[in-house]
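Colleague: The structure that follows is given in the form of C-alpha coordinates.
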Amino acid sequence: MSPGVAELLLQRLEQEAPGPGPGGGLCSLEAAAELGLDHQTLVGAVKSLQALGEVIEAEPRAATRWELSAEGEAVARDGSHEVRVFESLPAEGLPQSELMELPGAKVGFSKAMANKWVRLDKEAPGGPRVFRAVSHRGALGGGGRRSPRVPVPVPGLSLSPRVPVPGLSPSWG
(Lines give C-alpha, C1' and ligand atoms only; values in the text may rest on other atoms or scores of the structure.)
Protein backbone atom coordinates (compact mmCIF):
# COMPACT_ATOMS: atom_id res chain seq x y z
CA MET A 1 0.00 0.00 0.00
CA SER A 2 1.26 3.44 -0.81
CA PRO A 3 1.39 5.75 2.24
CA GLY A 4 -0.31 8.33 0.03
CA VAL A 5 -3.47 6.25 -0.22
CA ALA A 6 -3.82 5.99 3.59
CA GLU A 7 -3.27 9.73 3.89
CA LEU A 8 -5.83 10.49 1.18
CA LEU A 9 -8.33 8.16 2.83
CA LEU A 10 -7.88 9.72 6.27
CA GLN A 11 -8.23 13.21 4.83
CA ARG A 12 -11.39 12.18 3.00
CA LEU A 13 -12.77 10.59 6.18
CA GLU A 14 -12.05 13.77 8.09
CA GLN A 15 -14.12 15.73 5.55
CA GLU A 16 -17.02 13.27 5.74
CA ALA A 17 -17.29 12.38 9.42
CA PRO A 18 -17.38 15.00 12.17
CA GLY A 19 -15.21 12.89 14.45
CA PRO A 20 -14.45 9.42 15.75
CA GLY A 21 -17.18 6.90 16.39
CA PRO A 22 -20.28 5.64 14.64
CA GLY A 23 -22.45 7.85 12.50
CA GLY A 24 -23.05 6.89 8.92
CA GLY A 25 -19.53 6.86 7.60
CA LEU A 26 -18.13 6.97 4.13
CA CYS A 27 -18.87 4.40 1.43
CA SER A 28 -15.64 2.82 0.25
CA LEU A 29 -16.97 2.49 -3.31
CA GLU A 30 -17.77 6.20 -3.51
CA ALA A 31 -14.49 7.15 -1.82
CA ALA A 32 -12.48 5.06 -4.29
CA ALA A 33 -14.28 6.70 -7.21
CA GLU A 34 -13.84 10.22 -5.78
CA LEU A 35 -10.14 9.64 -5.12
CA GLY A 36 -9.57 8.05 -8.52
CA LEU A 37 -8.48 4.74 -6.99
CA ASP A 38 -9.28 1.13 -7.66
CA HIS A 39 -11.61 -0.12 -4.91
CA GLN A 40 -9.22 -2.94 -3.97
CA THR A 41 -6.38 -0.42 -3.51
CA LEU A 42 -8.58 1.53 -1.11
CA VAL A 43 -9.55 -1.67 0.74
CA GLY A 44 -5.81 -2.45 1.08
CA ALA A 45 -5.29 0.97 2.67
CA VAL A 46 -8.20 0.33 5.05
CA LYS A 47 -6.72 -3.01 6.11
CA SER A 48 -3.30 -1.42 6.68
CA LEU A 49 -4.87 1.31 8.82
CA GLN A 50 -6.83 -1.31 10.76
CA ALA A 51 -3.55 -3.13 11.45
CA LEU A 52 -2.32 -0.01 13.28
CA GLY A 53 -5.03 -0.47 15.90
CA GLU A 54 -7.97 1.79 16.71
CA VAL A 55 -7.59 4.06 13.67
CA ILE A 56 -10.44 3.25 11.35
CA GLU A 57 -13.69 1.33 11.57
CA ALA A 58 -14.94 -0.61 8.55
CA GLU A 59 -18.34 -2.30 8.43
CA PRO A 60 -19.52 -4.38 5.47
CA ARG A 61 -21.99 -2.43 3.37
CA ALA A 62 -24.09 -3.72 0.51
CA ALA A 63 -24.58 -1.29 -2.33
CA THR A 64 -26.62 -1.83 -5.46
CA ARG A 65 -25.80 -0.69 -8.94
CA TRP A 66 -27.97 -1.16 -11.99
CA GLU A 67 -26.67 -2.97 -15.03
CA LEU A 68 -28.26 -4.05 -18.27
CA SER A 69 -29.57 -7.59 -18.29
CA ALA A 70 -28.69 -9.87 -21.24
CA GLU A 71 -31.99 -8.81 -22.81
CA GLY A 72 -31.16 -5.18 -22.07
CA GLU A 73 -27.80 -5.53 -23.84
CA ALA A 74 -29.58 -6.96 -26.88
CA VAL A 75 -32.18 -4.16 -26.81
CA ALA A 76 -29.50 -1.49 -26.49
CA ARG A 77 -27.54 -3.05 -29.36
CA ASP A 78 -30.34 -4.14 -31.72
CA GLY A 79 -33.47 -2.26 -30.65
CA SER A 80 -36.60 -3.55 -28.95
CA HIS A 81 -38.51 -6.63 -30.08
CA GLU A 82 -41.07 -4.46 -31.86
CA VAL A 83 -38.40 -2.46 -33.69
CA ARG A 84 -36.73 -5.69 -34.80
CA VAL A 85 -40.11 -6.97 -36.09
CA PHE A 86 -40.65 -3.70 -37.96
CA GLU A 87 -37.16 -3.75 -39.49
CA SER A 88 -37.47 -7.41 -40.53
CA LEU A 89 -40.47 -6.67 -42.77
CA PRO A 90 -39.68 -6.15 -46.47
CA ALA A 91 -41.88 -3.89 -48.59
CA GLU A 92 -43.88 -6.90 -49.82
CA GLY A 93 -44.56 -8.01 -46.25
CA LEU A 94 -43.86 -11.37 -44.65
CA PRO A 95 -46.09 -14.36 -43.97
CA GLN A 96 -47.13 -14.22 -40.32
CA SER A 97 -45.96 -17.82 -39.76
CA GLU A 98 -42.48 -16.91 -41.03
CA LEU A 99 -42.33 -13.76 -38.90
CA MET A 100 -43.23 -15.70 -35.76
CA GLU A 101 -40.12 -17.89 -36.19
CA LEU A 102 -37.82 -14.90 -35.55
CA PRO A 103 -36.41 -14.44 -32.02
CA GLY A 104 -38.67 -12.23 -29.88
CA ALA A 105 -41.24 -11.97 -32.68
CA LYS A 106 -44.27 -12.95 -30.57
CA VAL A 107 -43.70 -10.09 -28.13
CA GLY A 108 -42.51 -7.73 -30.85
CA PHE A 109 -45.48 -8.41 -33.13
CA SER A 110 -47.98 -7.71 -30.33
CA LYS A 111 -46.24 -4.45 -29.37
CA ALA A 112 -45.80 -3.35 -33.00
CA MET A 113 -49.52 -4.02 -33.65
CA ALA A 114 -50.51 -2.07 -30.52
CA ASN A 115 -48.30 0.83 -31.67
CA LYS A 116 -49.86 0.62 -35.16
CA TRP A 117 -46.44 0.17 -36.77
CA VAL A 118 -47.49 -3.01 -38.59
CA ARG A 119 -50.73 -4.37 -39.98
CA LEU A 120 -51.96 -7.91 -40.54
CA ASP A 121 -53.71 -8.80 -43.78
CA LYS A 122 -55.66 -11.97 -42.99
CA GLU A 123 -56.99 -12.22 -46.59
CA ALA A 124 -53.55 -12.20 -48.28
CA PRO A 125 -52.88 -14.97 -50.82
CA GLY A 126 -50.98 -17.77 -49.09
CA GLY A 127 -52.31 -16.93 -45.64
CA PRO A 128 -52.02 -14.05 -43.15
CA ARG A 129 -49.27 -11.60 -44.07
CA VAL A 130 -47.70 -8.81 -41.98
CA PHE A 131 -46.88 -5.44 -43.56
CA ARG A 132 -45.39 -2.18 -42.33
CA ALA A 133 -48.14 0.30 -41.47
CA VAL A 134 -45.73 3.26 -41.40
CA SER A 135 -43.23 4.01 -44.11
CA HIS A 136 -39.98 4.41 -42.18
CA ARG A 137 -38.45 3.97 -38.74
CA GLY A 138 -38.58 7.71 -38.01
CA ALA A 139 -42.37 7.37 -37.95
CA LEU A 140 -42.08 5.08 -34.93
CA GLY A 141 -41.94 8.13 -32.68
CA GLY A 142 -38.55 7.33 -31.12
CA GLY A 143 -39.93 4.23 -29.43
CA GLY A 144 -38.29 0.89 -29.27
CA ARG A 145 -35.08 1.59 -27.37
CA ARG A 146 -36.00 0.33 -23.91
CA SER A 147 -33.13 -0.75 -21.69
CA PRO A 148 -34.14 -3.45 -19.20
CA ARG A 149 -31.83 -3.22 -16.19
CA VAL A 150 -31.25 -5.47 -13.23
CA PRO A 151 -29.87 -4.63 -9.79
CA VAL A 152 -26.40 -6.01 -9.09
CA PRO A 153 -25.19 -6.17 -5.47
CA VAL A 154 -21.76 -4.63 -4.96
CA PRO A 155 -19.86 -5.31 -1.72
CA GLY A 156 -18.34 -2.26 -0.12
CA LEU A 157 -17.39 -0.89 3.29
CA SER A 158 -18.81 1.82 5.49
CA LEU A 159 -15.79 3.68 6.86
CA SER A 160 -15.47 5.95 9.86
CA PRO A 161 -12.51 7.13 11.95
CA ARG A 162 -12.08 5.75 15.46
CA VAL A 163 -9.41 7.99 16.95
CA PRO A 164 -7.03 10.58 15.53
CA VAL A 165 -3.64 9.24 14.45
CA PRO A 166 -0.86 11.82 14.82
CA GLY A 167 1.28 12.03 11.73
CA LEU A 168 -1.22 10.38 9.36
CA SER A 169 -3.58 13.29 9.08
CA PRO A 170 -2.10 16.70 9.86
CA SER A 171 -5.37 18.29 11.01
CA TRP A 172 -6.10 15.53 13.57
CA GLY A 173 -4.50 15.67 16.95
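We name chains A, B, ... following the order of the C-alpha coordinates; residues begin at 1 in each chain, and ligands are numbered from 1 as shown.
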Which of region 77-148 of chain A counts as strand (DSSP E) under DSSP, as a PyMOL selection string please?
Modeller: chain A and resi 94-95+118-121+129-132
Colleague: Just the residues within 6 Å of region 153-159 of chain A, please, counting only C-alpha atoms, with nothing from its chain fewer than 2 positions along; format it as a ChimeraX atom specification.
Modeller: /A:25-29,57-64
Colleague: Of the candidates A:Asp121, A:Glu73, A:Glu67, A:Asp38, which one gets nearest to Glu92 (chain A) if we count only C-alpha atoms?
Modeller: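 Going through A:Asp121, A:Glu73, A:Glu67, A:Asp38 one by one, the smallest distance to Glu92 (chain A) is for A:Asp121.
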Colleague: Would you please work out which residue, of A:Gly72, A:Pro103, A:Gly44, A:Gly93, is nearest to Ala124 (chain A) when using only C-alpha atoms?
Modeller: A:Gly93
Colleague: Mind pulling up the distance from CA of Ser80 (chain A) to CA of Pro95 (chain A)?
Modeller: 20.8 Å
Colleague: Smallest atom-to-atom distance to Gln96 (chain A): which of A:Leu37, A:Pro128, A:Glu71, A:Arg65, using only C-alpha atoms?
Modeller: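 Answer, going by the shortest atom-to-atom distance: A:Pro128.
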Colleague: Could you name the residues that touch Ala31 (chain A) at 9 Å or less, counting only C-alpha atoms, but leaving out those on the same chain fewer than 4 positions away, as a list in words?
Modeller: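 What passes the distance filter is Leu9, Arg12, Leu13, Leu26, Cys27, Leu35, Gly36, Leu37, His39 and Leu42 of chain A.
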Colleague: For the residues in the current selection, export N, CA, C and O atoms as a PDB file, in the first residue's frame.
Modeller:
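Saved to again.pdb:
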ATOM      1  N   LEU A   9      -7.138   8.735   2.215  1.00  0.00           N
ATOM      2  CA  LEU A   9      -8.328   8.164   2.828  1.00  0.00           C
ATOM      3  C   LEU A   9      -8.651   8.852   4.152  1.00  0.00           C
ATOM      4  O   LEU A   9      -9.797   9.211   4.406  1.00  0.00           O
ATOM      5  N   ARG A  12     -10.006  12.257   3.505  1.00  0.00           N
ATOM      6  CA  ARG A  12     -11.387  12.176   3.000  1.00  0.00           C
ATOM      7  C   ARG A  12     -12.353  11.828   4.122  1.00  0.00           C
ATOM      8  O   ARG A  12     -13.445  12.365   4.207  1.00  0.00           O
ATOM      9  N   LEU A  13     -11.931  10.935   5.021  1.00  0.00           N
ATOM     10  CA  LEU A  13     -12.766  10.585   6.177  1.00  0.00           C
ATOM     11  C   LEU A  13     -12.984  11.792   7.075  1.00  0.00           C
ATOM     12  O   LEU A  13     -14.066  11.990   7.608  1.00  0.00           O
ATOM     13  N   LEU A  26     -18.428   6.731   5.533  1.00  0.00           N
ATOM     14  CA  LEU A  26     -18.131   6.972   4.131  1.00  0.00           C
ATOM     15  C   LEU A  26     -18.199   5.643   3.392  1.00  0.00           C
ATOM     16  O   LEU A  26     -17.662   4.646   3.863  1.00  0.00           O
ATOM     17  N   CYS A  27     -18.805   5.619   2.247  1.00  0.00           N
ATOM     18  CA  CYS A  27     -18.870   4.399   1.430  1.00  0.00           C
ATOM     19  C   CYS A  27     -17.545   4.231   0.701  1.00  0.00           C
ATOM     20  O   CYS A  27     -17.073   5.140   0.020  1.00  0.00           O
ATOM     21  N   LEU A  35     -11.595   9.492  -5.218  1.00  0.00           N
ATOM     22  CA  LEU A  35     -10.140   9.641  -5.116  1.00  0.00           C
ATOM     23  C   LEU A  35      -9.424   9.117  -6.361  1.00  0.00           C
ATOM     24  O   LEU A  35      -8.196   9.172  -6.434  1.00  0.00           O
ATOM     25  N   GLY A  36     -10.176   8.573  -7.299  1.00  0.00           N
ATOM     26  CA  GLY A  36      -9.572   8.054  -8.521  1.00  0.00           C
ATOM     27  C   GLY A  36      -8.764   6.789  -8.291  1.00  0.00           C
ATOM     28  O   GLY A  36      -7.761   6.558  -8.959  1.00  0.00           O
ATOM     29  N   LEU A  37      -9.205   5.966  -7.339  1.00  0.00           N
ATOM     30  CA  LEU A  37      -8.485   4.743  -6.989  1.00  0.00           C
ATOM     31  C   LEU A  37      -9.310   3.516  -7.329  1.00  0.00           C
ATOM     32  O   LEU A  37     -10.536   3.564  -7.341  1.00  0.00           O
ATOM     33  N   HIS A  39     -11.000   0.194  -6.201  1.00  0.00           N
ATOM     34  CA  HIS A  39     -11.611  -0.117  -4.908  1.00  0.00           C
ATOM     35  C   HIS A  39     -10.719  -1.036  -4.078  1.00  0.00           C
ATOM     36  O   HIS A  39     -10.582  -0.855  -2.868  1.00  0.00           O
ATOM     37  N   LEU A  42      -8.041   0.856  -2.285  1.00  0.00           N
ATOM     38  CA  LEU A  42      -8.576   1.532  -1.108  1.00  0.00           C
ATOM     39  C   LEU A  42      -8.805   0.535   0.037  1.00  0.00           C
ATOM     40  O   LEU A  42      -8.488   0.825   1.185  1.00  0.00           O
TER      41      LEU A  42
END
Colleague: Identify which of the residues A:Leu94, A:Pro151, A:Ala105, A:Lys111 lies closest to Gly126 (chain A), counting only C-alpha atoms when measuring atom-to-atom distances.
Modeller: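 That would be A:Leu94, the residue with the smallest distance to Gly126 (chain A).
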Colleague: I'd like to know which of A:Glu123, A:His136, A:Val152, A:Thr41 is closest to Glu87 (chain A), using only C-alpha atoms.
Modeller: A:His136
Colleague: Identify which of the residues A:Leu99, A:Lys116, A:Gly104, A:Arg162 lies closest to Gly79 (chain A), counting only C-alpha atoms when measuring atom-to-atom distances.
Modeller: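 Answer, going by the shortest atom-to-atom distance: A:Gly104.
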Colleague: I'd like the interatomic distance between CA of Val75 (chain A) and CA of Val107 (chain A), to a tenth of an Å.
Modeller: 13.0 Å
